[in-house]
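Chemist: Handing you this structure, nothing more for now.
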There are 2 protein chains.
Amino acid sequence: MDARQRLSAAGLRRTAARVLVTERMVAEGRPLTPAGICEALPELDRVTVYRTLASLEGAGLAHKVQGLDGAWRYCIDDSEISGCPGGHPHLLCTRCGAMACLLGQGLPWVAVPEGFAVQGKQLVVHGICASCAAAGAR
Amino acid sequence: MDARQRLSAAGLRRTAARVLVTERMVAEGRPLTPAGICEALPELDRVTVYRTLASLEGAGLAHKVQGLDGAWRYCIDDSEISGCPGGHPHLLCTRCGAMACLLGQGLPWVAVPEGFAVQGKQLVVHGICASCAAAGAR
DNA sequence: CTTCGAGATGCAACCCTGTTGTATTTGAGG
DNA sequence: CCTCAAATACAACAGGGTTGCATCTCGAAG
Ligand SMILES: [Mn+2]
Ligand SMILES: [Mn+2]
Ligand SMILES: [Zn+2]
Ligand SMILES: [Zn+2]
């Protein structure tokens, strides 16, 4: 699905910044930090990238997850693949900072105390990714 | 168990800062942000609080969890209660920022791709806590 | 094709969390 | 007591993210 189509389908104005950011995220296919996107798109202002990501997330075109480093990662929701309502766990490499969506598995049910209204859950599994392990052993 | 005993048992020097921070955390009984601890203990320098919390965590006397607001929360490990090796889920109120340990349940098993070496997991359930819901309805 | 206004962008300044460097103090063991 | 490694205070810094405001631009309406 084309970036422009995604934006229109979600009822968002198709601005240059949104098209660029969306295309970049689709091309990467994994959760990216705002900083990483800024690096890839130096023609965009940092604040614009933050606001663009917030728009995409608000419109349901992307989801975000927190890294252990305090930075959020945003990833396009690919409606053809995901199909994991309620979200999915994420992998995070503590060495290189790369994040990956663990599609195909959902989030666990958790027993919460009476009166607590659950809005969402976040499950991040951290460790050393395969490529970092290979590089470290070398 | 006394704060001093905890420190000695873990092989840490019993300094004034560590005793104060530990006592404060035991008294609260829930995960606290460094900022919250600083507020409660204005006689301590901010950096000292950060380094003290790192010491406690390194010695296995406390664990930490990330809040959705980007701040870490530290909580004393009460050896008499916890007994949840590998950690436990945490609750976070998105309105007041209060966090709670969900003792009694462990973290789920997650299928990770071949070659990924898991170091740890973090499961944060966020929503509106009972007292905030009551306050909001009022 | 032109007009026009809500919404998006760029820029500067700011806040908050956390870290690092370094001189000074402190506490536990001898 | 002494001693010295470890811990503390203070200042400076770094990174992620937000806010306010002037300017620009998309897209609907004429
Ligand atoms: Mn994901
Ligand atoms: Mn806990
Ligand atoms: Zn890696
Ligand atoms: Zn609350």
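Going by the structure tokens order, chains are called A, B, ..., each with residues numbered from 1, while ligands are numbered from 1 in the order shown.
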Need to verify the contact set: region 8-19 of chain D, 9 Å, only C-alpha atoms (C1' of nucleotides), exclusion of same-chain residues closer than 5 positions in sequence. Can you return it as a compact mmCIF listing (two decimals) with N, CA and C atoms (P, O5', C5', C4', C3', O3' and C1' of nucleotides), in the first residue's frame?
Modeler:
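Result saved to around.txt:
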# COMPACT_ATOMS: atom_id res chain seq x y z
N ALA A 35 14.95 10.24 16.36
CA ALA A 35 16.30 10.66 16.00
C ALA A 35 16.77 9.94 14.73
N VAL A 47 11.18 18.86 15.29
CA VAL A 47 9.85 18.99 15.89
C VAL A 47 8.79 18.47 14.93
N TYR A 50 8.60 14.77 15.23
CA TYR A 50 7.87 14.37 16.44
C TYR A 50 6.36 14.52 16.23
N GLY A 70 15.14 5.04 26.88
CA GLY A 70 14.29 6.19 27.09
C GLY A 70 13.72 6.80 25.82
N ALA A 71 14.11 6.26 24.67
CA ALA A 71 13.59 6.80 23.40
C ALA A 71 12.47 5.90 22.90
N ALA B 17 23.38 8.38 53.00
CA ALA B 17 22.48 8.48 51.84
C ALA B 17 21.78 7.16 51.59
N LEU B 44 19.67 15.41 50.20
CA LEU B 44 20.58 14.64 49.33
C LEU B 44 20.68 15.27 47.95
N ASP B 45 21.87 15.21 47.39
CA ASP B 45 22.07 15.71 46.03
C ASP B 45 21.39 14.75 45.05
N VAL B 47 22.38 13.78 42.10
CA VAL B 47 23.30 12.79 41.54
C VAL B 47 23.54 11.66 42.54
N THR B 48 23.61 12.01 43.81
CA THR B 48 23.81 10.99 44.84
C THR B 48 22.64 10.02 44.84
P DA C 13 16.73 31.60 21.04
O5' DA C 13 15.88 31.26 22.34
C5' DA C 13 14.51 31.68 22.42
C4' DA C 13 13.79 30.75 23.38
C3' DA C 13 14.62 30.39 24.62
O3' DA C 13 13.92 30.78 25.79
C1' DA C 13 13.61 28.46 23.64
P DC C 14 14.55 30.55 27.23
O5' DC C 14 13.88 29.18 27.71
C5' DC C 14 12.46 29.06 27.68
C4' DC C 14 12.07 27.62 27.87
C3' DC C 14 12.70 26.97 29.10
O3' DC C 14 11.74 26.90 30.14
C1' DC C 14 12.61 25.51 27.19
P DC C 15 12.22 26.37 31.59
O5' DC C 15 11.80 24.83 31.57
C5' DC C 15 10.48 24.45 31.19
C4' DC C 15 10.40 22.94 31.23
C3' DC C 15 11.03 22.35 32.49
O3' DC C 15 10.11 21.43 33.06
C1' DC C 15 11.94 21.32 30.54
P DC C 16 10.38 20.83 34.51
O5' DC C 16 10.87 19.36 34.19
C5' DC C 16 10.09 18.55 33.33
C4' DC C 16 10.88 17.31 33.00
C3' DC C 16 11.58 16.71 34.23
O3' DC C 16 11.17 15.36 34.33
C1' DC C 16 13.09 16.94 32.41
P DT C 17 11.54 14.48 35.61
O5' DT C 17 12.64 13.48 35.06
C5' DT C 17 12.35 12.69 33.92
C4' DT C 17 13.61 12.08 33.38
C3' DT C 17 14.46 11.36 34.43
O3' DT C 17 14.64 10.02 34.00
C1' DT C 17 15.79 12.80 33.09
P DG C 18 15.33 8.97 34.99
O5' DG C 18 16.87 9.09 34.62
C5' DG C 18 17.27 8.81 33.27
C4' DG C 18 18.68 9.32 33.04
C3' DG C 18 19.73 8.82 34.03
O3' DG C 18 20.61 7.95 33.34
C1' DG C 18 20.03 11.11 33.47
P DT C 19 21.93 7.37 34.02
O5' DT C 19 23.08 8.36 33.51
C5' DT C 19 23.23 8.59 32.12
C4' DT C 19 24.48 9.41 31.88
C3' DT C 19 25.73 8.88 32.59
O3' DT C 19 26.77 8.82 31.63
C1' DT C 19 25.40 11.17 33.10
P DT C 20 28.18 8.14 31.98
O5' DT C 20 29.20 9.35 32.11
C5' DT C 20 29.07 10.48 31.26
C4' DT C 20 30.07 11.55 31.65
C3' DT C 20 31.32 11.03 32.36
O3' DT C 20 32.44 11.76 31.87
C1' DT C 20 30.26 12.65 33.70
P DG C 21 33.95 11.31 32.21
O5' DG C 21 34.50 12.56 33.03
C5' DG C 21 34.24 13.88 32.55
C4' DG C 21 34.77 14.90 33.55
C3' DG C 21 36.03 14.46 34.30
O3' DG C 21 36.86 15.61 34.45
C1' DG C 21 34.30 14.92 35.86
P DT C 24 39.40 20.57 47.05
O5' DT C 24 38.36 19.70 47.89
C5' DT C 24 37.00 20.16 48.02
C4' DT C 24 36.22 19.16 48.83
C3' DT C 24 36.79 18.85 50.20
O3' DT C 24 35.80 19.13 51.17
C1' DT C 24 36.20 16.87 49.06
P DT C 25 36.04 18.89 52.75
O5' DT C 25 35.26 17.53 53.03
C5' DT C 25 33.87 17.47 52.71
C4' DT C 25 33.40 16.04 52.84
C3' DT C 25 33.51 15.44 54.25
O3' DT C 25 32.25 14.91 54.56
C1' DT C 25 34.38 13.96 52.64
P DT C 26 31.96 14.45 56.07
O5' DT C 26 31.99 12.87 55.91
C5' DT C 26 31.18 12.26 54.91
C4' DT C 26 31.43 10.76 54.91
C3' DT C 26 31.60 10.15 56.29
O3' DT C 26 31.09 8.84 56.25
C1' DT C 26 33.45 9.64 55.03
Chemist: As a quick test: using only C-alpha atoms (C1' of nucleotides) and all ligand atoms, which residues lie no more than 10 Å away from ligand 2? Give them as a list in words.
Modeler: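 Every residue with an atom at most 10 Å from ligand 2 is listed here: Gly29, Arg30, Pro31, Ala62, His63, Lys64, Val65, Arg73, Tyr74, Cys75, Ile76, Asp77, Asp78, Ser82, Cys84, Gly87, His88, Pro89, His90, Leu91, Met99, Ala100, Cys101, Leu102 and Leu103 of chain B.
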Chemist: Which polymer residues have any atom within 12 Å of an atom of DA29 (chain D), counting only C-alpha atoms (C1' of nucleotides), with same-chain residues fewer than 2 positions away left out, as JSON, numbers by chain?
Modeler: {"C": [2, 3, 4, 5], "D": [27]}
Chemist: What would the file look like if the residues just selected were written as a CSV table (one decimal), in the first residue's frame with N, CA, C and O atoms (P, O5', C5', C4', C3', O3' and C1' of nucleotides)?
Modeler:
chain,number,residue,atom,x,y,z
C,2,DT,P,-5.0,31.2,-11.9
C,2,DT,O5',-6.0,31.5,-10.7
C,2,DT,C5',-6.8,32.6,-10.8
C,2,DT,C4',-7.6,32.8,-9.5
C,2,DT,C3',-6.7,33.3,-8.3
C,2,DT,O3',-7.4,34.5,-7.8
C,2,DT,C1',-8.1,31.4,-7.8
C,3,DT,P,-6.8,35.2,-6.5
C,3,DT,O5',-7.8,34.6,-5.4
C,3,DT,C5',-9.2,34.6,-5.6
C,3,DT,C4',-9.8,34.1,-4.3
C,3,DT,C3',-9.2,34.6,-3.0
C,3,DT,O3',-10.3,35.0,-2.1
C,3,DT,C1',-9.3,32.3,-3.0
C,4,DC,P,-10.0,35.8,-0.8
C,4,DC,O5',-10.0,34.6,0.3
C,4,DC,C5',-11.1,33.7,0.3
C,4,DC,C4',-10.9,32.7,1.4
C,4,DC,C3',-10.2,33.2,2.6
C,4,DC,O3',-10.8,32.7,3.8
C,4,DC,C1',-9.0,31.3,1.8
C,5,DG,P,-10.8,33.5,5.1
C,5,DG,O5',-10.7,32.3,6.2
C,5,DG,C5',-11.6,31.3,6.1
C,5,DG,C4',-11.0,30.0,6.6
C,5,DG,C3',-10.3,30.2,8.0
C,5,DG,O3',-10.5,29.0,8.7
C,5,DG,C1',-8.8,29.3,6.4
D,27,DG,P,-4.0,17.4,0.8
D,27,DG,O5',-5.4,18.1,0.5
D,27,DG,C5',-6.1,18.5,1.7
D,27,DG,C4',-7.3,19.3,1.3
D,27,DG,C3',-8.1,18.8,0.0
D,27,DG,O3',-9.4,19.1,0.2
D,27,DG,C1',-7.4,21.1,-0.2
Chemist: Region 8-12 of chain A: which residues within 9 Å, counting only C-alpha atoms (C1' of nucleotides), same-chain residues fewer than 2 positions away excluded, as a ChimeraX atom specification?
Modeler: /A:3-6,14-15,18,55-56,59-61
Chemist: Throw together the list of residues within 6 Å of ligand 3, counting only C-alpha atoms (C1' of nucleotides) and all ligand atoms, and drop it here as an MDAnalysis selection string.
Modeler: chainID A and resid 93 95:96 98 128:129 131:132
Chemist: Next, the residues of the selection above should be written as a JSON list (two decimals), in the first residue's frame with C-alpha atoms.
Modeler:
[["chain", "number", "residue", "atom", "x", "y", "z"],
["A", 93, "CYS", "CA", 18.97, -5.30, 21.41],
["A", 95, "ARG", "CA", 23.96, -3.42, 22.33],
["A", 96, "CYS", "CA", 22.96, -1.89, 19.00],
["A", 98, "ALA", "CA", 17.70, -2.20, 17.15],
["A", 128, "ILE", "CA", 21.62, -9.34, 22.43],
["A", 129, "CYS", "CA", 20.48, -9.75, 18.85],
["A", 131, "SER", "CA", 24.05, -9.97, 14.50],
["A", 132, "CYS", "CA", 25.51, -8.31, 17.60]]
Chemist: For chain A, work out the contacting residues on chain C at 8 Å, counting only C-alpha atoms (C1' of nucleotides), and write them as an mmCIF file with N, CA and C atoms (P, O5', C5', C4', C3', O3' and C1' of nucleotides), in the first residue's frame.
Modeler:
data_model
loop_
_atom_site.group_PDB
_atom_site.id
_atom_site.type_symbol
_atom_site.label_atom_id
_atom_site.label_comp_id
_atom_site.auth_asym_id
_atom_site.auth_seq_id
_atom_site.Cartn_x
_atom_site.Cartn_y
_atom_site.Cartn_z
ATOM 1 P P DA C 8 -2.950 18.894 10.707
ATOM 2 O "O5'" DA C 8 -1.541 19.335 10.092
ATOM 3 C "C5'" DA C 8 -1.408 19.402 8.677
ATOM 4 C "C4'" DA C 8 -0.068 20.009 8.319
ATOM 5 C "C3'" DA C 8 1.122 19.459 9.090
ATOM 6 O "O3'" DA C 8 2.164 19.211 8.157
ATOM 7 C "C1'" DA C 8 1.029 21.809 9.318
ATOM 8 P P DT C 9 3.540 18.629 8.652
ATOM 9 O "O5'" DT C 9 4.425 19.945 8.695
ATOM 10 C "C5'" DT C 9 4.752 20.608 7.476
ATOM 11 C "C4'" DT C 9 5.590 21.842 7.758
ATOM 12 C "C3'" DT C 9 6.917 21.553 8.468
ATOM 13 O "O3'" DT C 9 7.967 21.967 7.619
ATOM 14 C "C1'" DT C 9 5.770 23.397 9.450
ATOM 15 P P DG C 10 9.482 21.596 7.957
ATOM 16 O "O5'" DG C 10 10.028 22.931 8.634
ATOM 17 C "C5'" DG C 10 9.944 24.145 7.915
ATOM 18 C "C4'" DG C 10 10.500 25.293 8.746
ATOM 19 C "C3'" DG C 10 11.821 24.999 9.457
ATOM 20 O "O3'" DG C 10 12.651 26.143 9.300
ATOM 21 C "C1'" DG C 10 10.180 25.683 11.046
#
Chemist: Using only C-alpha atoms and a cut-off of 7 Å, which residues of chain B sit close to chain A? Please list them as a ChimeraX atom specification.
Modeler: /B:70,108,115-130
Chemist: Save out the residues we just selected, N, CA, C and O atoms, as an mmCIF file, in the first residue's frame.
Modeler:
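Resulting contents of selection-v1.cif:
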data_model
loop_
_atom_site.group_PDB
_atom_site.id
_atom_site.type_symbol
_atom_site.label_atom_id
_atom_site.label_comp_id
_atom_site.auth_asym_id
_atom_site.auth_seq_id
_atom_site.Cartn_x
_atom_site.Cartn_y
_atom_site.Cartn_z
ATOM 1 N N GLY B 70 9.012 8.100 30.621
ATOM 2 C CA GLY B 70 10.441 8.137 30.384
ATOM 3 C C GLY B 70 11.277 8.105 31.653
ATOM 4 O O GLY B 70 12.501 8.105 31.580
ATOM 5 N N PRO B 108 5.534 -13.513 31.236
ATOM 6 C CA PRO B 108 5.203 -14.592 30.306
ATOM 7 C C PRO B 108 6.425 -15.078 29.552
ATOM 8 O O PRO B 108 7.411 -14.350 29.390
ATOM 9 N N GLY B 115 18.943 -17.221 17.851
ATOM 10 C CA GLY B 115 20.130 -16.376 17.931
ATOM 11 C C GLY B 115 19.991 -15.179 18.845
ATOM 12 O O GLY B 115 20.973 -14.508 19.152
ATOM 13 N N PHE B 116 18.785 -14.890 19.301
ATOM 14 C CA PHE B 116 18.590 -13.754 20.204
ATOM 15 C C PHE B 116 18.762 -14.240 21.642
ATOM 16 O O PHE B 116 18.068 -15.152 22.081
ATOM 17 N N ALA B 117 19.693 -13.637 22.376
ATOM 18 C CA ALA B 117 19.955 -14.042 23.764
ATOM 19 C C ALA B 117 19.204 -13.121 24.719
ATOM 20 O O ALA B 117 19.588 -11.967 24.895
ATOM 21 N N VAL B 118 18.158 -13.624 25.330
ATOM 22 C CA VAL B 118 17.326 -12.814 26.222
ATOM 23 C C VAL B 118 18.070 -12.468 27.506
ATOM 24 O O VAL B 118 18.667 -13.333 28.144
ATOM 25 N N GLN B 119 18.054 -11.176 27.852
ATOM 26 C CA GLN B 119 18.656 -10.735 29.119
ATOM 27 C C GLN B 119 17.582 -10.424 30.150
ATOM 28 O O GLN B 119 17.802 -10.540 31.346
ATOM 29 N N GLY B 120 16.438 -9.980 29.681
ATOM 30 C CA GLY B 120 15.379 -9.617 30.611
ATOM 31 C C GLY B 120 14.116 -9.231 29.882
ATOM 32 O O GLY B 120 14.095 -9.149 28.651
ATOM 33 N N LYS B 121 13.064 -9.012 30.659
ATOM 34 C CA LYS B 121 11.783 -8.630 30.083
ATOM 35 C C LYS B 121 11.166 -7.558 30.956
ATOM 36 O O LYS B 121 11.476 -7.463 32.136
ATOM 37 N N GLN B 122 10.286 -6.796 30.338
ATOM 38 C CA GLN B 122 9.592 -5.751 31.084
ATOM 39 C C GLN B 122 8.159 -5.690 30.589
ATOM 40 O O GLN B 122 7.921 -5.513 29.401
ATOM 41 N N LEU B 123 7.218 -5.889 31.505
ATOM 42 C CA LEU B 123 5.801 -5.835 31.134
ATOM 43 C C LEU B 123 5.119 -4.765 31.975
ATOM 44 O O LEU B 123 5.010 -4.898 33.195
ATOM 45 N N VAL B 124 4.707 -3.697 31.327
ATOM 46 C CA VAL B 124 4.044 -2.599 32.032
ATOM 47 C C VAL B 124 2.608 -2.485 31.524
ATOM 48 O O VAL B 124 2.373 -2.346 30.331
ATOM 49 N N VAL B 125 1.670 -2.582 32.456
ATOM 50 C CA VAL B 125 0.252 -2.417 32.133
ATOM 51 C C VAL B 125 -0.137 -1.013 32.546
ATOM 52 O O VAL B 125 0.029 -0.647 33.703
ATOM 53 N N HIS B 126 -0.615 -0.224 31.593
ATOM 54 C CA HIS B 126 -0.967 1.144 31.964
ATOM 55 C C HIS B 126 -2.457 1.393 31.812
ATOM 56 O O HIS B 126 -3.146 0.743 31.031
ATOM 57 N N GLY B 127 -2.932 2.350 32.597
ATOM 58 C CA GLY B 127 -4.348 2.682 32.607
ATOM 59 C C GLY B 127 -4.634 3.678 33.723
ATOM 60 O O GLY B 127 -3.747 4.410 34.122
ATOM 61 N N ILE B 128 -5.874 3.686 34.183
ATOM 62 C CA ILE B 128 -6.263 4.634 35.230
ATOM 63 C C ILE B 128 -6.477 3.856 36.529
ATOM 64 O O ILE B 128 -7.245 2.904 36.561
ATOM 65 N N CYS B 129 -5.773 4.308 37.569
ATOM 66 C CA CYS B 129 -5.872 3.606 38.841
ATOM 67 C C CYS B 129 -7.190 3.926 39.542
ATOM 68 O O CYS B 129 -7.875 4.894 39.194
ATOM 69 N N ALA B 130 -7.530 3.108 40.508
ATOM 70 C CA ALA B 130 -8.820 3.232 41.187
ATOM 71 C C ALA B 130 -9.025 4.615 41.797
ATOM 72 O O ALA B 130 -10.091 5.213 41.647
#
Chemist: Considering only C-alpha atoms and all ligand atoms, state which residue in the set B:Glu39, B:Ala135, B:Gly97, B:Glu28 is at the smallest distance from ligand 4.
Modeler: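 With only C-alpha atoms and all ligand atoms as the atom set, the closest residue is B:Gly97.
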Chemist: Write down as a list in words the residues of region 34-99 of chain A whose backbone DSSP state falls under alpha helix (DSSP H).
Modeler: Pro34, Ala35, Gly36, Ile37, Cys38, Glu39, Ala40, Arg46, Val47, Thr48, Val49, Tyr50, Arg51, Thr52, Leu53, Ala54, Ser55, Leu56, Glu57 and Gly58 of chain A
Chemist: Take the residues from that selection and put them in a file with all heavy atoms, as a compact mmCIF listing (two decimals), in the first residue's frame.
Modeler:
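And here's result31.txt as it stands now:
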# COMPACT_ATOMS: atom_id res chain seq x y z
N PRO A 34 12.64 8.69 16.65
CA PRO A 34 12.56 9.99 15.99
C PRO A 34 13.94 10.46 15.53
O PRO A 34 14.09 10.96 14.42
CB PRO A 34 12.01 10.90 17.08
CG PRO A 34 11.22 9.99 17.95
CD PRO A 34 11.93 8.68 17.94
N ALA A 35 14.95 10.24 16.36
CA ALA A 35 16.30 10.66 16.00
C ALA A 35 16.77 9.94 14.73
O ALA A 35 17.39 10.54 13.85
CB ALA A 35 17.27 10.39 17.15
N GLY A 36 16.47 8.65 14.64
CA GLY A 36 16.87 7.89 13.46
C GLY A 36 16.19 8.40 12.21
O GLY A 36 16.81 8.49 11.14
N ILE A 37 14.92 8.76 12.35
CA ILE A 37 14.18 9.29 11.20
C ILE A 37 14.75 10.65 10.80
O ILE A 37 14.91 10.94 9.62
CB ILE A 37 12.68 9.38 11.54
CG1 ILE A 37 12.13 7.96 11.75
CG2 ILE A 37 11.92 10.10 10.45
CD1 ILE A 37 10.71 7.93 12.25
N CYS A 38 15.07 11.47 11.79
CA CYS A 38 15.65 12.78 11.49
C CYS A 38 16.96 12.65 10.73
O CYS A 38 17.24 13.41 9.81
CB CYS A 38 15.91 13.55 12.79
SG CYS A 38 14.42 14.18 13.58
N GLU A 39 17.73 11.66 11.12
CA GLU A 39 19.02 11.43 10.47
C GLU A 39 18.81 11.07 9.00
O GLU A 39 19.54 11.51 8.12
CB GLU A 39 19.73 10.30 11.19
CG GLU A 39 21.24 10.39 11.18
CD GLU A 39 21.84 9.33 12.12
OE1 GLU A 39 21.12 8.88 13.05
OE2 GLU A 39 23.00 8.95 11.90
N ALA A 40 17.77 10.26 8.77
CA ALA A 40 17.49 9.81 7.40
C ALA A 40 16.82 10.90 6.57
O ALA A 40 16.87 10.86 5.34
CB ALA A 40 16.62 8.56 7.44
N ARG A 46 13.25 18.64 13.38
CA ARG A 46 13.09 17.65 14.44
C ARG A 46 11.68 17.67 15.02
O ARG A 46 11.04 16.63 15.20
CB ARG A 46 14.10 18.01 15.54
CG ARG A 46 14.64 16.91 16.37
CD ARG A 46 15.88 17.39 17.13
NE ARG A 46 15.59 18.53 17.98
CZ ARG A 46 15.21 18.41 19.26
NH1 ARG A 46 15.10 17.21 19.82
NH2 ARG A 46 14.97 19.47 19.99
N VAL A 47 11.18 18.86 15.29
CA VAL A 47 9.85 18.99 15.89
C VAL A 47 8.79 18.47 14.93
O VAL A 47 7.82 17.82 15.35
CB VAL A 47 9.56 20.45 16.27
CG1 VAL A 47 8.16 20.59 16.83
CG2 VAL A 47 10.59 20.95 17.24
N THR A 48 8.96 18.73 13.66
CA THR A 48 8.00 18.24 12.67
C THR A 48 7.96 16.72 12.68
O THR A 48 6.89 16.11 12.60
CB THR A 48 8.39 18.74 11.27
OG1 THR A 48 8.40 20.15 11.27
CG2 THR A 48 7.42 18.23 10.23
N VAL A 49 9.11 16.10 12.80
CA VAL A 49 9.14 14.63 12.85
C VAL A 49 8.37 14.14 14.08
O VAL A 49 7.54 13.24 13.98
CB VAL A 49 10.59 14.12 12.87
CG1 VAL A 49 10.64 12.63 13.19
CG2 VAL A 49 11.25 14.40 11.53
N TYR A 50 8.60 14.77 15.23
CA TYR A 50 7.87 14.37 16.44
C TYR A 50 6.36 14.52 16.23
O TYR A 50 5.59 13.62 16.56
CB TYR A 50 8.30 15.21 17.64
CG TYR A 50 9.58 14.73 18.29
CD1 TYR A 50 10.77 15.42 18.15
CD2 TYR A 50 9.58 13.57 19.05
CE1 TYR A 50 11.94 14.98 18.74
CE2 TYR A 50 10.74 13.12 19.66
CZ TYR A 50 11.93 13.83 19.50
OH TYR A 50 13.08 13.38 20.09
N ARG A 51 5.95 15.65 15.68
CA ARG A 51 4.51 15.88 15.51
C ARG A 51 3.94 14.96 14.44
O ARG A 51 2.79 14.50 14.55
CB ARG A 51 4.26 17.35 15.19
CG ARG A 51 4.66 18.24 16.38
CD ARG A 51 3.96 19.59 16.40
NE ARG A 51 4.79 20.67 15.90
CZ ARG A 51 5.02 21.81 16.57
NH1 ARG A 51 4.51 22.03 17.75
NH2 ARG A 51 5.76 22.75 16.03
N THR A 52 4.70 14.69 13.42
CA THR A 52 4.24 13.78 12.37
C THR A 52 4.02 12.38 12.95
O THR A 52 2.99 11.75 12.70
CB THR A 52 5.28 13.71 11.24
OG1 THR A 52 5.41 15.00 10.66
CG2 THR A 52 4.85 12.73 10.17
N LEU A 53 4.96 11.92 13.74
CA LEU A 53 4.82 10.60 14.34
C LEU A 53 3.60 10.55 15.26
O LEU A 53 2.86 9.56 15.27
CB LEU A 53 6.10 10.24 15.11
CG LEU A 53 7.32 10.01 14.22
CD1 LEU A 53 8.58 9.90 15.06
CD2 LEU A 53 7.12 8.75 13.38
N ALA A 54 3.38 11.62 15.99
CA ALA A 54 2.21 11.67 16.87
C ALA A 54 0.92 11.59 16.04
O ALA A 54 -0.04 10.92 16.42
CB ALA A 54 2.24 12.94 17.71
N SER A 55 0.91 12.26 14.89
CA SER A 55 -0.27 12.21 14.01
C SER A 55 -0.50 10.80 13.51
O SER A 55 -1.63 10.29 13.55
CB SER A 55 -0.09 13.14 12.82
OG SER A 55 0.01 14.48 13.24
N LEU A 56 0.55 10.17 13.03
CA LEU A 56 0.43 8.82 12.49
C LEU A 56 -0.07 7.88 13.57
O LEU A 56 -0.95 7.04 13.32
CB LEU A 56 1.78 8.33 11.95
CG LEU A 56 2.35 9.10 10.75
CD1 LEU A 56 3.69 8.51 10.33
CD2 LEU A 56 1.37 9.07 9.59
N GLU A 57 0.46 8.02 14.75
CA GLU A 57 0.03 7.14 15.83
C GLU A 57 -1.42 7.41 16.20
O GLU A 57 -2.20 6.49 16.38
CB GLU A 57 0.93 7.32 17.05
CG GLU A 57 0.92 6.11 17.97
CD GLU A 57 0.58 6.47 19.38
OE1 GLU A 57 0.83 7.63 19.78
OE2 GLU A 57 0.05 5.60 20.10
N GLY A 58 -1.77 8.69 16.28
CA GLY A 58 -3.13 9.05 16.64
C GLY A 58 -4.14 8.55 15.63
O GLY A 58 -5.27 8.20 15.99
Chemist: From a backbone DSSP assignment, name each residue in chain A labelled strand (DSSP E or B), as JSON, numbers by chain.
Modeler: {"A": [32, 62, 63, 64, 65, 66, 72, 73, 74, 75, 76, 90, 91, 92, 93, 99, 100, 101, 117, 118, 119, 120, 121, 122, 123, 124, 125, 126, 127, 128]}
Chemist: Which distance in Å separates C1' of DT25 (chain D) and CA of Arg24 (chain A), to one decimal?
Modeler: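 These atoms are spaced 21.9 Å apart.
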